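Next comes structure.txt, a file with compact mmCIF, C-alpha atoms and all ligand atoms.
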# COMPACT_ATOMS: atom_id res chain seq x y z
CA MET A 375 40.82 0.33 22.39
CA ARG A 376 42.05 1.16 18.88
CA THR A 377 40.65 -0.20 15.61
CA GLN A 378 40.37 0.80 11.97
CA ILE A 379 36.57 1.12 11.63
CA GLY A 380 34.30 1.93 14.59
CA ILE A 381 30.81 0.66 13.83
CA ILE A 382 27.75 1.80 15.78
CA GLY A 383 24.96 -0.80 15.58
CA GLY A 384 25.03 -4.58 15.23
CA GLY A 385 22.03 -4.93 12.89
CA PRO A 386 22.31 -6.21 9.32
CA SER A 387 24.21 -3.12 8.07
CA GLY A 388 26.88 -3.11 10.78
CA LEU A 389 27.39 -6.89 10.74
CA CYS A 390 27.60 -7.15 6.98
CA LEU A 391 30.01 -4.23 6.74
CA ALA A 392 32.28 -5.67 9.44
CA ARG A 393 32.29 -9.06 7.76
CA LEU A 394 33.12 -7.76 4.26
CA LEU A 395 35.93 -5.59 5.64
CA SER A 396 37.35 -8.44 7.68
CA LEU A 397 37.62 -10.64 4.60
CA ARG A 398 39.97 -7.96 3.21
CA GLY A 399 41.97 -7.78 6.44
CA ILE A 400 40.36 -4.61 7.83
CA ARG A 401 39.61 -4.59 11.56
CA SER A 402 36.49 -3.18 13.20
CA VAL A 403 34.71 -2.86 16.53
CA ILE A 404 30.89 -3.02 16.64
CA LEU A 405 29.11 -1.29 19.52
CA GLU A 406 25.56 -2.68 19.87
CA ARG A 407 23.09 -1.27 22.37
CA HIS A 408 21.15 -4.51 22.87
CA THR A 409 21.95 -8.21 23.40
CA ARG A 410 22.48 -10.62 20.52
CA ASP A 411 19.20 -12.40 21.31
CA TYR A 412 17.26 -9.15 21.20
CA VAL A 413 18.69 -8.10 17.83
CA GLN A 414 18.13 -11.54 16.31
CA ALA A 415 14.54 -11.80 17.47
CA ARG A 416 13.28 -8.65 15.73
CA ILE A 417 10.76 -9.69 13.07
CA ARG A 418 11.35 -7.47 10.07
CA ALA A 419 12.31 -7.93 6.45
CA GLY A 420 12.11 -11.12 4.44
CA ILE A 421 12.57 -10.35 0.75
CA LEU A 422 16.13 -10.14 -0.55
CA GLU A 423 17.03 -8.68 -3.93
CA GLN A 424 19.75 -10.27 -6.06
CA GLY A 425 22.19 -7.52 -5.00
CA MET A 426 21.77 -8.42 -1.34
CA VAL A 427 22.02 -12.14 -2.09
CA ASN A 428 25.30 -11.49 -3.93
CA LEU A 429 26.57 -9.39 -1.05
CA LEU A 430 25.89 -12.19 1.45
CA ARG A 431 27.64 -14.66 -0.84
CA ASN A 432 30.64 -12.32 -1.07
CA ALA A 433 30.60 -12.08 2.73
CA LYS A 434 30.69 -15.91 2.89
CA VAL A 435 27.58 -16.12 5.04
CA SER A 436 25.20 -17.51 2.44
CA ASP A 437 25.32 -21.31 2.91
CA ARG A 438 22.11 -21.58 4.93
CA MET A 439 20.35 -18.92 2.84
CA ASP A 440 21.21 -20.81 -0.34
CA ARG A 441 19.92 -24.06 1.24
CA GLU A 442 16.78 -22.79 2.94
CA GLY A 443 15.80 -19.57 1.13
CA LEU A 444 12.94 -19.66 -1.36
CA VAL A 445 13.60 -18.21 -4.80
CA HIS A 446 10.57 -16.36 -6.18
CA ASP A 447 10.05 -15.62 -9.87
CA GLY A 448 6.92 -13.53 -9.51
CA ILE A 449 4.41 -11.67 -7.33
CA VAL A 450 0.62 -11.45 -7.53
CA LEU A 451 -1.40 -8.22 -7.48
CA THR A 452 -5.12 -8.41 -6.69
CA PHE A 453 -7.66 -5.62 -7.26
CA ALA A 454 -11.30 -5.35 -8.34
CA GLY A 455 -11.69 -9.13 -8.15
CA ARG A 456 -8.73 -9.68 -10.49
CA GLN A 457 -5.52 -11.61 -9.83
CA GLU A 458 -2.59 -10.51 -11.97
CA ARG A 459 0.80 -12.18 -11.82
CA ILE A 460 3.90 -10.07 -12.44
CA ASP A 461 6.46 -12.43 -13.91
CA LEU A 462 9.57 -10.88 -12.42
CA ALA A 463 12.01 -13.25 -14.07
CA ALA A 464 10.51 -13.02 -17.57
CA LEU A 465 10.26 -9.23 -17.46
CA THR A 466 13.78 -8.60 -16.12
CA GLY A 467 15.91 -11.05 -18.06
CA GLY A 468 15.88 -13.70 -15.35
CA GLN A 469 16.17 -11.71 -12.13
CA ARG A 470 14.46 -13.07 -9.04
CA VAL A 471 14.09 -12.36 -5.32
CA MET A 472 14.90 -14.61 -2.36
CA VAL A 473 12.60 -15.16 0.62
CA TYR A 474 14.83 -15.45 3.71
CA GLY A 475 13.98 -13.80 7.01
CA GLN A 476 16.04 -10.97 8.47
CA THR A 477 16.09 -12.96 11.73
CA GLU A 478 17.85 -15.86 9.99
CA LEU A 479 20.23 -13.62 8.08
CA THR A 480 21.16 -11.82 11.32
CA LYS A 481 21.88 -15.17 13.01
CA ASP A 482 24.14 -16.19 10.13
CA LEU A 483 26.00 -12.88 10.28
CA TYR A 484 26.50 -13.10 14.07
CA ASP A 485 27.79 -16.68 13.77
CA ALA A 486 30.39 -15.45 11.27
CA VAL A 487 31.34 -12.20 12.98
CA LEU A 488 31.65 -13.60 16.50
CA SER A 489 34.24 -16.15 15.35
CA ASP A 490 36.14 -13.57 13.30
CA ASP A 491 39.43 -12.31 14.78
CA ASN A 492 39.17 -9.01 12.89
CA VAL A 493 35.85 -8.08 14.48
CA ALA A 494 35.11 -7.30 18.14
CA VAL A 495 31.48 -6.91 19.22
CA VAL A 496 30.50 -5.09 22.40
CA PHE A 497 26.89 -5.87 23.34
CA GLU A 498 24.88 -3.68 25.70
CA ALA A 499 27.07 -0.66 24.95
CA ARG A 500 25.36 2.33 26.63
CA ASP A 501 25.19 5.97 25.51
CA VAL A 502 27.37 5.50 22.44
CA SER A 503 28.59 8.87 21.28
CA PRO A 504 30.63 9.52 18.12
CA ALA A 505 33.14 12.37 18.44
CA GLY A 506 36.04 13.96 16.56
CA PHE A 507 34.80 12.90 13.13
CA LEU A 508 34.83 16.45 11.78
CA ASP A 509 38.40 17.25 12.89
CA GLY A 510 40.14 14.01 11.88
CA THR A 511 40.23 12.36 15.33
CA PRO A 512 37.24 9.98 15.21
CA ARG A 513 36.35 8.28 18.48
CA LEU A 514 33.41 6.42 19.98
CA ASP A 515 32.67 7.01 23.66
CA TYR A 516 30.35 4.55 25.44
CA GLY A 517 29.47 3.00 28.76
CA LYS A 518 29.90 -0.68 29.58
CA ASP A 519 29.26 -2.37 32.93
CA GLY A 520 29.17 1.01 34.62
CA ARG A 521 32.51 2.20 33.22
CA LEU A 522 33.27 4.79 30.55
CA GLU A 523 35.13 3.32 27.58
CA HIS A 524 36.21 4.54 24.17
CA VAL A 525 37.30 3.28 20.75
CA ASP A 526 39.76 5.29 18.64
CA CYS A 527 39.43 4.59 14.93
CA ASP A 528 40.17 5.84 11.41
CA TYR A 529 36.52 6.05 10.35
CA ILE A 530 33.09 5.67 11.97
CA ALA A 531 30.22 3.81 10.30
CA GLY A 532 26.82 4.83 11.69
CA CYS A 533 24.79 1.63 11.22
CA ASP A 534 22.49 2.29 14.16
CA GLY A 535 19.09 2.57 12.53
CA TYR A 536 16.56 5.38 12.43
CA HIS A 537 16.69 6.12 16.17
CA GLY A 538 20.46 5.79 16.54
CA ALA A 539 23.17 8.13 17.84
CA SER A 540 25.18 8.69 14.66
CA ARG A 541 22.79 10.90 12.67
CA ALA A 542 21.82 12.71 15.88
CA SER A 543 25.47 13.65 16.48
CA VAL A 544 25.77 15.61 13.21
CA PRO A 545 25.41 19.40 13.58
CA LYS A 546 21.92 20.35 12.32
CA ALA A 547 23.30 22.89 9.85
CA MET A 548 25.22 20.16 8.00
CA ILE A 549 22.32 17.80 7.34
CA THR A 550 19.05 18.02 5.41
CA GLU A 551 16.24 15.65 6.30
CA TYR A 552 13.32 14.86 3.98
CA GLU A 553 10.34 13.12 5.54
CA ARG A 554 6.82 11.99 4.72
CA THR A 555 4.64 10.11 7.17
CA TYR A 556 1.61 8.18 5.97
CA PRO A 557 -1.84 8.27 7.60
CA PHE A 558 -1.81 4.52 8.33
CA GLY A 559 0.36 1.65 9.51
CA TRP A 560 0.76 -2.08 8.88
CA LEU A 561 -0.50 -4.61 11.39
CA GLY A 562 1.67 -7.70 10.85
CA LEU A 563 1.00 -11.24 12.05
CA LEU A 564 3.47 -14.14 11.96
CA SER A 565 2.19 -17.71 12.23
CA ASP A 566 3.57 -21.20 11.74
CA THR A 567 1.15 -22.03 8.96
CA PRO A 568 1.81 -22.74 5.27
CA PRO A 569 1.59 -19.62 3.08
CA VAL A 570 -1.71 -19.06 1.30
CA HIS A 571 0.04 -18.88 -2.08
CA ASP A 572 3.40 -19.89 -3.60
CA GLU A 573 4.19 -16.20 -4.26
CA LEU A 574 3.54 -12.96 -2.39
CA VAL A 575 0.02 -11.55 -2.85
CA TYR A 576 -0.40 -7.73 -2.74
CA ALA A 577 -4.06 -6.70 -2.43
CA ASN A 578 -5.67 -3.37 -3.21
CA HIS A 579 -9.15 -3.35 -1.62
CA GLN A 580 -11.77 -0.74 -0.67
CA ARG A 581 -11.22 -1.73 2.99
CA GLY A 582 -7.47 -1.14 2.71
CA PHE A 583 -4.27 -2.83 1.62
CA ALA A 584 -3.30 -6.40 2.53
CA LEU A 585 -0.18 -8.47 1.91
CA CYS A 586 0.26 -12.23 2.15
CA SER A 587 3.98 -12.80 2.59
CA MET A 588 6.03 -15.62 4.04
CA ARG A 589 9.32 -16.51 5.70
CA SER A 590 9.42 -20.20 4.70
CA ARG A 591 7.13 -22.95 3.41
CA ALA A 592 5.87 -23.41 6.95
CA ARG A 593 5.80 -19.80 8.21
CA SER A 594 3.46 -17.07 6.96
CA ARG A 595 3.71 -13.32 7.43
CA TYR A 596 0.47 -11.42 6.85
CA TYR A 597 -0.12 -7.67 6.92
CA ILE A 598 -3.18 -5.44 6.80
CA GLN A 599 -3.32 -1.68 6.57
CA VAL A 600 -4.73 -0.17 9.78
CA GLY A 601 -5.29 3.32 11.16
CA LEU A 602 -2.50 4.93 13.18
CA ASP A 603 -4.71 4.91 16.28
CA GLU A 604 -5.11 1.11 16.26
CA GLN A 605 -3.70 -1.01 19.12
CA VAL A 606 -2.42 -4.58 18.70
CA GLY A 607 -4.52 -5.63 21.69
CA ALA A 608 -7.70 -4.81 19.78
CA TRP A 609 -6.80 -7.39 17.13
CA PRO A 610 -7.18 -10.96 18.39
CA ASP A 611 -6.06 -13.45 15.73
CA SER A 612 -9.63 -14.25 14.70
CA ARG A 613 -10.38 -10.58 13.96
CA PHE A 614 -7.13 -10.24 11.99
CA PHE A 615 -7.82 -13.28 9.81
CA ASP A 616 -11.46 -12.27 9.23
CA GLU A 617 -10.27 -8.85 8.05
CA ILE A 618 -7.48 -10.05 5.76
CA ARG A 619 -9.84 -12.60 4.15
CA ARG A 620 -12.28 -9.79 3.30
CA ARG A 621 -9.51 -7.97 1.42
CA LEU A 622 -8.50 -10.98 -0.71
CA PRO A 623 -10.15 -12.67 -3.70
CA ASP A 624 -12.60 -15.37 -2.57
CA ASP A 625 -10.54 -18.36 -3.70
CA VAL A 626 -7.40 -17.05 -2.01
CA ALA A 627 -9.31 -16.28 1.20
CA ALA A 628 -10.92 -19.72 1.17
CA SER A 629 -7.59 -21.51 0.96
CA MET A 630 -5.95 -19.60 3.82
CA ILE A 631 -4.85 -21.88 6.65
CA THR A 632 -4.81 -20.01 9.95
CA GLY A 633 -3.09 -20.74 13.22
CA PRO A 634 -2.10 -18.93 16.40
CA SER A 635 0.09 -15.87 15.93
CA ILE A 636 3.65 -16.07 17.20
CA GLU A 637 4.17 -12.33 16.74
CA LYS A 638 1.90 -9.39 16.05
CA SER A 639 2.91 -5.74 15.79
CA ILE A 640 2.01 -2.43 14.16
CA ALA A 641 4.60 -0.52 12.12
CA PRO A 642 3.99 3.08 11.01
CA LEU A 643 4.90 3.90 7.39
CA ARG A 644 7.44 6.59 6.63
CA SER A 645 9.63 7.88 3.80
CA PHE A 646 12.77 9.53 5.16
CA VAL A 647 16.15 10.49 3.71
CA ALA A 648 19.04 12.36 5.34
CA GLU A 649 21.54 14.07 3.06
CA PRO A 650 24.48 13.86 2.74
CA MET A 651 25.60 10.52 4.17
CA ARG A 652 29.17 11.54 4.95
CA PHE A 653 30.37 14.02 7.56
CA GLY A 654 34.16 14.11 7.70
CA ARG A 655 35.09 10.66 8.97
CA LEU A 656 31.53 9.58 9.81
CA PHE A 657 29.45 7.67 7.25
CA LEU A 658 25.73 6.94 7.66
CA VAL A 659 24.61 3.49 6.47
CA GLY A 660 21.19 1.81 6.14
CA ASP A 661 18.22 2.88 8.24
CA ALA A 662 20.39 5.49 9.98
CA ALA A 663 20.10 7.54 6.77
CA HIS A 664 16.84 6.41 5.17
CA ILE A 665 13.51 4.68 5.75
CA VAL A 666 10.97 3.58 3.16
CA PRO A 667 7.47 2.17 3.56
CA PRO A 668 7.80 -1.64 3.46
CA THR A 669 5.46 -1.97 0.45
CA GLY A 670 8.32 -2.38 -2.03
CA ALA A 671 10.44 -4.55 0.35
CA LYS A 672 13.34 -2.16 -0.07
CA GLY A 673 14.65 -1.16 3.41
CA LEU A 674 17.05 -4.02 4.03
CA ASN A 675 18.05 -4.09 0.39
CA LEU A 676 19.02 -0.42 0.47
CA ALA A 677 21.13 -1.12 3.54
CA ALA A 678 22.90 -3.73 1.40
CA SER A 679 23.75 -1.27 -1.37
CA ASP A 680 25.10 1.25 1.17
CA VAL A 681 27.26 -1.51 2.66
CA HIS A 682 28.47 -2.51 -0.78
CA TYR A 683 29.53 1.06 -1.63
CA LEU A 684 31.13 1.80 1.74
CA SER A 685 33.02 -1.49 2.00
CA THR A 686 34.30 -1.06 -1.57
CA ALA A 687 35.46 2.48 -0.76
CA LEU A 688 37.19 1.45 2.48
CA VAL A 689 38.92 -1.50 0.80
CA ALA A 690 40.22 0.91 -1.89
CA PHE A 691 41.41 3.28 0.83
CA TYR A 692 43.31 0.68 2.86
CA GLY A 693 44.57 -1.24 -0.17
CA GLU A 694 45.58 1.57 -2.50
CA ARG A 695 45.29 4.75 -0.39
CA ARG A 696 42.51 5.88 -2.74
CA THR A 697 40.05 8.40 -1.28
CA ASP A 698 37.97 9.04 -4.41
CA LEU A 699 35.44 6.32 -3.61
CA LEU A 700 35.02 7.56 -0.04
CA ASP A 701 34.35 11.00 -1.55
CA ARG A 702 31.73 9.54 -3.92
CA TYR A 703 30.03 7.28 -1.34
CA SER A 704 27.24 9.66 -0.38
CA ALA A 705 26.20 10.76 -3.88
CA THR A 706 26.37 7.22 -5.27
CA ALA A 707 24.38 5.65 -2.44
CA LEU A 708 21.79 8.44 -2.51
CA ARG A 709 21.03 7.96 -6.20
CA ARG A 710 19.84 4.39 -5.60
CA ILE A 711 18.15 5.40 -2.34
CA TRP A 712 16.01 8.06 -4.02
CA ALA A 713 15.02 5.60 -6.75
CA ALA A 714 13.82 3.16 -4.06
CA VAL A 715 12.12 5.96 -2.10
CA ARG A 716 10.21 6.83 -5.26
CA PHE A 717 9.19 3.24 -6.00
CA SER A 718 8.17 2.53 -2.40
CA TRP A 719 6.08 5.71 -2.27
CA TRP A 720 4.47 4.97 -5.66
CA PHE A 721 3.71 1.32 -4.90
CA THR A 722 2.19 2.44 -1.59
CA SER A 723 0.12 5.12 -3.34
CA ILE A 724 -1.49 2.71 -5.81
CA SER A 725 -2.17 -0.04 -3.28
CA HIS A 726 -3.35 1.65 -0.07
CA LYS A 727 -6.52 3.44 0.98
CA PHE A 728 -5.67 7.07 1.76
CA ASN A 729 -9.19 8.38 2.51
CA ASP A 730 -12.88 7.58 2.06
CA ASP A 731 -13.28 9.50 -1.20
CA PRO A 732 -14.47 6.83 -3.71
CA ILE A 733 -12.88 8.67 -6.66
CA GLU A 734 -9.46 7.82 -5.29
CA HIS A 735 -10.09 4.08 -5.38
CA LYS A 736 -11.52 4.34 -8.90
CA ILE A 737 -8.35 6.15 -10.06
CA GLN A 738 -6.13 3.50 -8.43
CA LEU A 739 -8.07 0.75 -10.22
CA ALA A 740 -7.72 2.59 -13.53
CA GLU A 741 -3.97 2.90 -13.01
CA LEU A 742 -3.62 -0.78 -12.09
CA ASP A 743 -5.77 -1.75 -15.08
CA TYR A 744 -3.53 0.31 -17.37
CA LEU A 745 -0.30 -1.06 -15.87
CA MET A 746 -1.50 -4.64 -16.30
CA SER A 747 -2.46 -4.03 -19.94
CA SER A 748 0.99 -2.76 -20.84
CA THR A 749 4.27 -4.66 -20.99
CA ALA A 750 6.00 -1.39 -20.09
CA GLY A 751 3.75 -1.07 -17.03
CA ARG A 752 4.43 -4.61 -15.82
CA THR A 753 8.15 -4.19 -16.53
CA THR A 754 8.41 -1.01 -14.48
CA ILE A 755 6.99 -2.88 -11.48
CA ALA A 756 9.21 -5.90 -12.07
CA GLU A 757 12.46 -3.94 -12.59
CA ASN A 758 11.97 -1.96 -9.43
CA TYR A 759 10.75 -4.92 -7.37
CA VAL A 760 13.79 -7.09 -8.12
CA GLY A 761 16.00 -4.07 -7.37
CA LEU A 762 17.81 -1.57 -9.51
CA PRO A 763 21.46 -2.46 -10.18
CA PHE A 764 24.35 -1.26 -8.06
CA GLU A 765 26.42 1.47 -9.78
CA PRO A 766 28.91 -0.52 -11.91
CA THR A 767 31.53 2.26 -12.15
CA PHE A 768 31.94 2.37 -8.35
CA ALA A 769 35.09 0.27 -8.16
C1 LIG A 801 7.86 -4.38 10.12
C2 LIG A 801 9.02 -4.18 9.17
C3 LIG A 801 9.03 -4.90 7.97
C4 LIG A 801 10.08 -4.73 7.07
N1 LIG A 801 10.07 -5.45 5.89
C5 LIG A 801 11.08 -5.29 5.03
C6 LIG A 801 11.16 -6.07 3.82
O1 LIG A 801 10.30 -6.90 3.52
N2 LIG A 801 12.21 -5.89 3.00
C7 LIG A 801 13.22 -4.99 3.28
O2 LIG A 801 14.16 -4.86 2.50
N3 LIG A 801 13.18 -4.26 4.43
C8 LIG A 801 12.15 -4.39 5.31
N4 LIG A 801 12.16 -3.68 6.49
C9 LIG A 801 13.25 -2.77 6.76
C10 LIG A 801 14.49 -3.49 7.34
O3 LIG A 801 14.14 -4.29 8.43
C11 LIG A 801 15.53 -2.44 7.73
O4 LIG A 801 15.78 -1.62 6.61
C12 LIG A 801 16.85 -3.06 8.23
O5 LIG A 801 16.68 -3.62 9.50
C13 LIG A 801 17.95 -2.01 8.27
O6 LIG A 801 19.11 -2.54 8.86
P1 LIG A 801 20.12 -1.60 9.67
O7 LIG A 801 21.20 -2.51 10.15
O8 LIG A 801 20.46 -0.43 8.84
O9 LIG A 801 19.27 -1.03 10.88
P2 LIG A 801 18.63 -1.84 12.14
O10 LIG A 801 18.15 -3.18 11.71
O11 LIG A 801 17.67 -0.90 12.76
O12 LIG A 801 19.86 -2.05 13.08
C14 LIG A 801 20.42 -1.00 13.85
C15 LIG A 801 21.14 -1.58 15.04
O13 LIG A 801 21.73 -0.52 15.78
C16 LIG A 801 21.46 -0.68 17.17
N5 LIG A 801 21.47 0.65 17.77
C17 LIG A 801 20.54 1.63 17.65
N6 LIG A 801 20.91 2.72 18.34
C18 LIG A 801 22.10 2.43 18.90
C19 LIG A 801 22.99 3.17 19.72
N7 LIG A 801 22.70 4.42 20.11
N8 LIG A 801 24.12 2.56 20.13
C20 LIG A 801 24.42 1.30 19.73
N9 LIG A 801 23.61 0.54 18.95
C21 LIG A 801 22.47 1.12 18.53
C22 LIG A 801 20.09 -1.35 17.21
O14 LIG A 801 19.90 -2.05 18.43
C23 LIG A 801 20.17 -2.29 16.00
O15 LIG A 801 20.70 -3.55 16.34
C24 LIG A 801 11.13 -3.82 7.39
C25 LIG A 801 11.12 -3.13 8.60
C26 LIG A 801 10.08 -3.28 9.48
C27 LIG A 801 10.08 -2.51 10.78
Target encoding structure tokens, full file:
Amino acid sequence: MRTQIGIIGGGPSGLCLARLLSLRGIRSVILERHTRDYVQARIRAGILEQGMVNLLRNAKVSDRMDREGLVHDGIVLTFAGRQERIDLAALTGGQRVMVYGQTELTKDLYDAVLSDDNVAVVFEARDVSPAGFLDGTPRLDYGKDGRLEHVDCDYIAGCDGYHGASRASVPKAMITEYERTYPFGWLGLLSDTPPVHDELVYANHQRGFALCSMRSRARSRYYIQVGLDEQVGAWPDSRFFDEIRRRLPDDVAASMITGPSIEKSIAPLRSFVAEPMRFGRLFLVGDAAHIVPPTGAKGLNLAASDVHYLSTALVAFYGERRTDLLDRYSATALRRIWAAVRFSWWFTSISHKFNDDPIEHKIQLAELDYLMSSTAGRTTIAENYVGLPFEPTFA
């Protein structure tokens, strides 16, 4: 098989890239390890920055998001018995975020891509292996139904997540990896119950961090910080809800409506960046190149900025034979990535319990108290939360 862009991974990055390229007449093949149902069912992100919303509109997959997504103007921080609202819109000149689940967004993207003549998707592609990208003959080898197959292409986009094959195929001497793991994880619970609050509630508490999030007006997503040695099985729903209530202000806890979980899982927290993001004719995109702790809701949104930069660069290459944007892809994407890595790390560090030393909690409370007393402090949270702008000169 021959195509223009060989894409490894049919998650949000790969699907969105294929769709944007197709709208400009560029053909691609997506090799996805799992089935469509498996990819769509993964419960992950839910908060979309304006940049991602715009990208989905440009990709013409936004109708349902615009109908069903919830626009949020603010978030609430709770600590030391206080509830402080960060007015995102007022502090950022009207910018907002959209609540729309990654599961829904992935469904919308698959609906578009699977009826798109410029995109072919191979599900259950085994042992995908990128080759030839350093010597100008890029190729993807893979197994399907017991046979060896391959895709010849002009460029490869590695959109295959943190555990994928693309980053692993780069010679070690060509790549630098920066990593920090955190001494805790998030236990998440999804339930078909109305959210406890109209906006997301981020709680700093002596017992650990908690987050009241949502996917819709009828579906709540709750998280609590837990130790890395915790097992989901040790957390029946009743224990989870008792614990999250303890970490919330009394009136918020009292108004929480609980119901049976429909999903429960533990995610470790990690900051990770691989540099650079281009190796000859292979580009890394999204989680394949970087991971952030979910505290700042940045992972999916960073994937969106990578997709924006790479699709813009490929359109310039095929339309005008320009290679300058392809050459600038890595440095441009990494600038925004490091800014989000910093914010996600910082927001995690002021909201989570790192150890039992009481001085640490006192210092966190002093920092939160200071931030809330200062317009500059509130603005720095708001600007980063709604998402830093895409680089305007990248065109
Ligand atoms: C619990 C949790 C909560 C999160 N919350 C948020 C949030 O609120 N906001 C936010 O912005 N982000 C959040 N994220 C992060 C967000 O989900 C990811 O950043 C996003 O999924 C990245 O998309 P991607 O397409 O780059 O990678 P992925 O979604 O990981 O997709 C990669 C795809 O590649 C496929 N694949 C992997 N290896 C291979 C291979 N060898 N061959 C072929 N295919 C392969 C996989 O099956 C998958 O379909 C969260 C993540 C988690 C885990």
Give me the residues near Asn675 in chain A as a PyMOL selection string, where near means some atom within 9 Å (using all atoms listed in the file) and where sequence neighbours in that chain fewer than 3 positions away do not count. chain A and resi 421-423+425-426+660+671-672+678-680+761
Interatomic distance, CA of Glu458 in chain A to CA of Ala750 in chain A (Å, one decimal):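 One can read the CA of Glu458 in chain A to CA of Ala750 in chain A distance as 14.9 Å.
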Once you count all atoms listed in the file, which residues end up within 7 Å of ligand LIG 801 (chain A), and could you hand them over as a PyMOL selection string? chain A and resi 382-388+405-408+413+417-422+476+499-502+533-539+641+659-662+665+668+671-677
Within 6 Å of range 589-605 of chain A, counting all atoms listed in the file, which residues show up once you throw out same-chain ones fewer than 6 positions away? Write them as a PDB file with C-alpha atoms, keeping the file's coordinate frame, please.
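Below you can see selection-v1.pdb, which holds the result:
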ATOM      1  CA  TYR A 474      14.830 -15.450   3.710  1.00  0.00           C
ATOM      2  CA  GLY A 475      13.980 -13.800   7.010  1.00  0.00           C
ATOM      3  CA  PHE A 558      -1.810   4.520   8.330  1.00  0.00           C
ATOM      4  CA  GLY A 559       0.360   1.650   9.510  1.00  0.00           C
ATOM      5  CA  TRP A 560       0.760  -2.080   8.880  1.00  0.00           C
ATOM      6  CA  LEU A 561      -0.500  -4.610  11.390  1.00  0.00           C
ATOM      7  CA  GLY A 562       1.670  -7.700  10.850  1.00  0.00           C
ATOM      8  CA  LEU A 563       1.000 -11.240  12.050  1.00  0.00           C
ATOM      9  CA  LEU A 564       3.470 -14.140  11.960  1.00  0.00           C
ATOM     10  CA  SER A 565       2.190 -17.710  12.230  1.00  0.00           C
ATOM     11  CA  ASP A 566       3.570 -21.200  11.740  1.00  0.00           C
ATOM     12  CA  THR A 567       1.150 -22.030   8.960  1.00  0.00           C
ATOM     13  CA  PRO A 568       1.810 -22.740   5.270  1.00  0.00           C
ATOM     14  CA  PRO A 569       1.590 -19.620   3.080  1.00  0.00           C
ATOM     15  CA  GLY A 582      -7.470  -1.140   2.710  1.00  0.00           C
ATOM     16  CA  PHE A 583      -4.270  -2.830   1.620  1.00  0.00           C
TER      17      PHE A 583
END
Need to verify the contact set: Asp440 in chain A, 10 Å, only C-alpha atoms, exclusion of same-chain residues closer than 3 positions in sequence. Can you return it as a PyMOL selection string? chain A and resi 427+430-431+435-437+443-445+472+474
Between CA of Lys638 in chain A and CA of Pro610 in chain A, what is the distance in Å, rounded to a tenth? 9.5 Å
For a test of reading the model, state the distance in Å between CA of Asp485 in chain A and CA of Ala531 in chain A, rounded to one decimal. 20.9 Å
Would you mind telling me which residue in A:Val575, A:Leu688, A:Leu739, A:Val681 lies nearest to Thr452 in chain A when using all atoms listed in the file?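 Among the listed residues, the smallest separation from Thr452 in chain A belongs to A:Val575.
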Skip Ala705 in chain A itself and residues of its chain fewer than 4 positions away, then list as a PyMOL selection string all residues within 10 Å of it, counting all atoms listed in the file. chain A and resi 649-652+701+709-711
At a cut-off of 10 Å, using all atoms listed in the file, what residues contact Thr511 in chain A? Leave out same-chain residues fewer than 5 positions from it and give the result as an mmCIF file with C-alpha atoms, keeping the file's coordinate frame.
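So selection13.cif came out as:
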data_model
loop_
_atom_site.group_PDB
_atom_site.id
_atom_site.type_symbol
_atom_site.label_atom_id
_atom_site.label_comp_id
_atom_site.auth_asym_id
_atom_site.auth_seq_id
_atom_site.Cartn_x
_atom_site.Cartn_y
_atom_site.Cartn_z
ATOM 1 C CA ALA A 505 33.140 12.370 18.440
ATOM 2 C CA GLY A 506 36.040 13.960 16.560
ATOM 3 C CA ASP A 526 39.760 5.290 18.640
ATOM 4 C CA CYS A 527 39.430 4.590 14.930
ATOM 5 C CA ASP A 528 40.170 5.840 11.410
ATOM 6 C CA TYR A 529 36.520 6.050 10.350
ATOM 7 C CA GLY A 654 34.160 14.110 7.700
ATOM 8 C CA ARG A 655 35.090 10.660 8.970
#
Test item: which residues lie within 9 Å of (23.9, 10.3, 7.8) counting only C-alpha atoms, as a PyMOL selection string: chain A and resi 532+540-542+544+549+647-653+656-659+662-664+704
Is there a way to get, as a PyMOL selection string, all residues within 10 Å of the point (19.1, -9.0, -16.0) in file coordinates, counting all atoms listed in the file? chain A and resi 463-470+757+760+762-763
Pick out the closest residue to Val495 in chain A from this set: A:Val525, A:Met746, A:Leu508, A:Ala707. Count only C-alpha atoms.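 So, comparing all the options, the nearest one is A:Val525.
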Give, as lines of an AutoDock Vina configuration file, the centre coordinates and the x, y and z edge lengths in Å to one decimal for an axis-aligned box around all listed atoms of range 448-451 of chain A, padded by 5 Å on each side.
center_x = 2.8
center_y = -10.9
center_z = -8.4
size_x = 18.3
size_y = 15.3
size_z = 12.2
Residue among A:Glu741, A:Glu694, A:Phe764, A:Thr749 lying closest to Leu429 in chain A, counting only C-alpha atoms: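 Using only C-alpha atoms, the shortest distance to Leu429 in chain A belongs to A:Phe764.
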Compare A:Arg695, A:Arg410, A:Lys481, A:Arg401 by their minimum atom-to-atom distance to Val493 in chain A, counting only C-alpha atoms, and give me the closest one.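 When distances to Val493 in chain A are compared using only C-alpha atoms, the smallest one comes from A:Arg401.
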From A:Ser402, A:Thr480, A:Asn578, A:Gln738, residue lying nearest Arg438 in chain A [only C-alpha atoms]: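 The answer is A:Thr480, which sits nearest to Arg438 in chain A.
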Measuring atom to atom with only C-alpha atoms, identify which of A:Val473, A:Leu479, A:Met375, A:Leu389 is nearest to Leu514 in chain A.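 Closest to Leu514 in chain A of all the choices is A:Met375.
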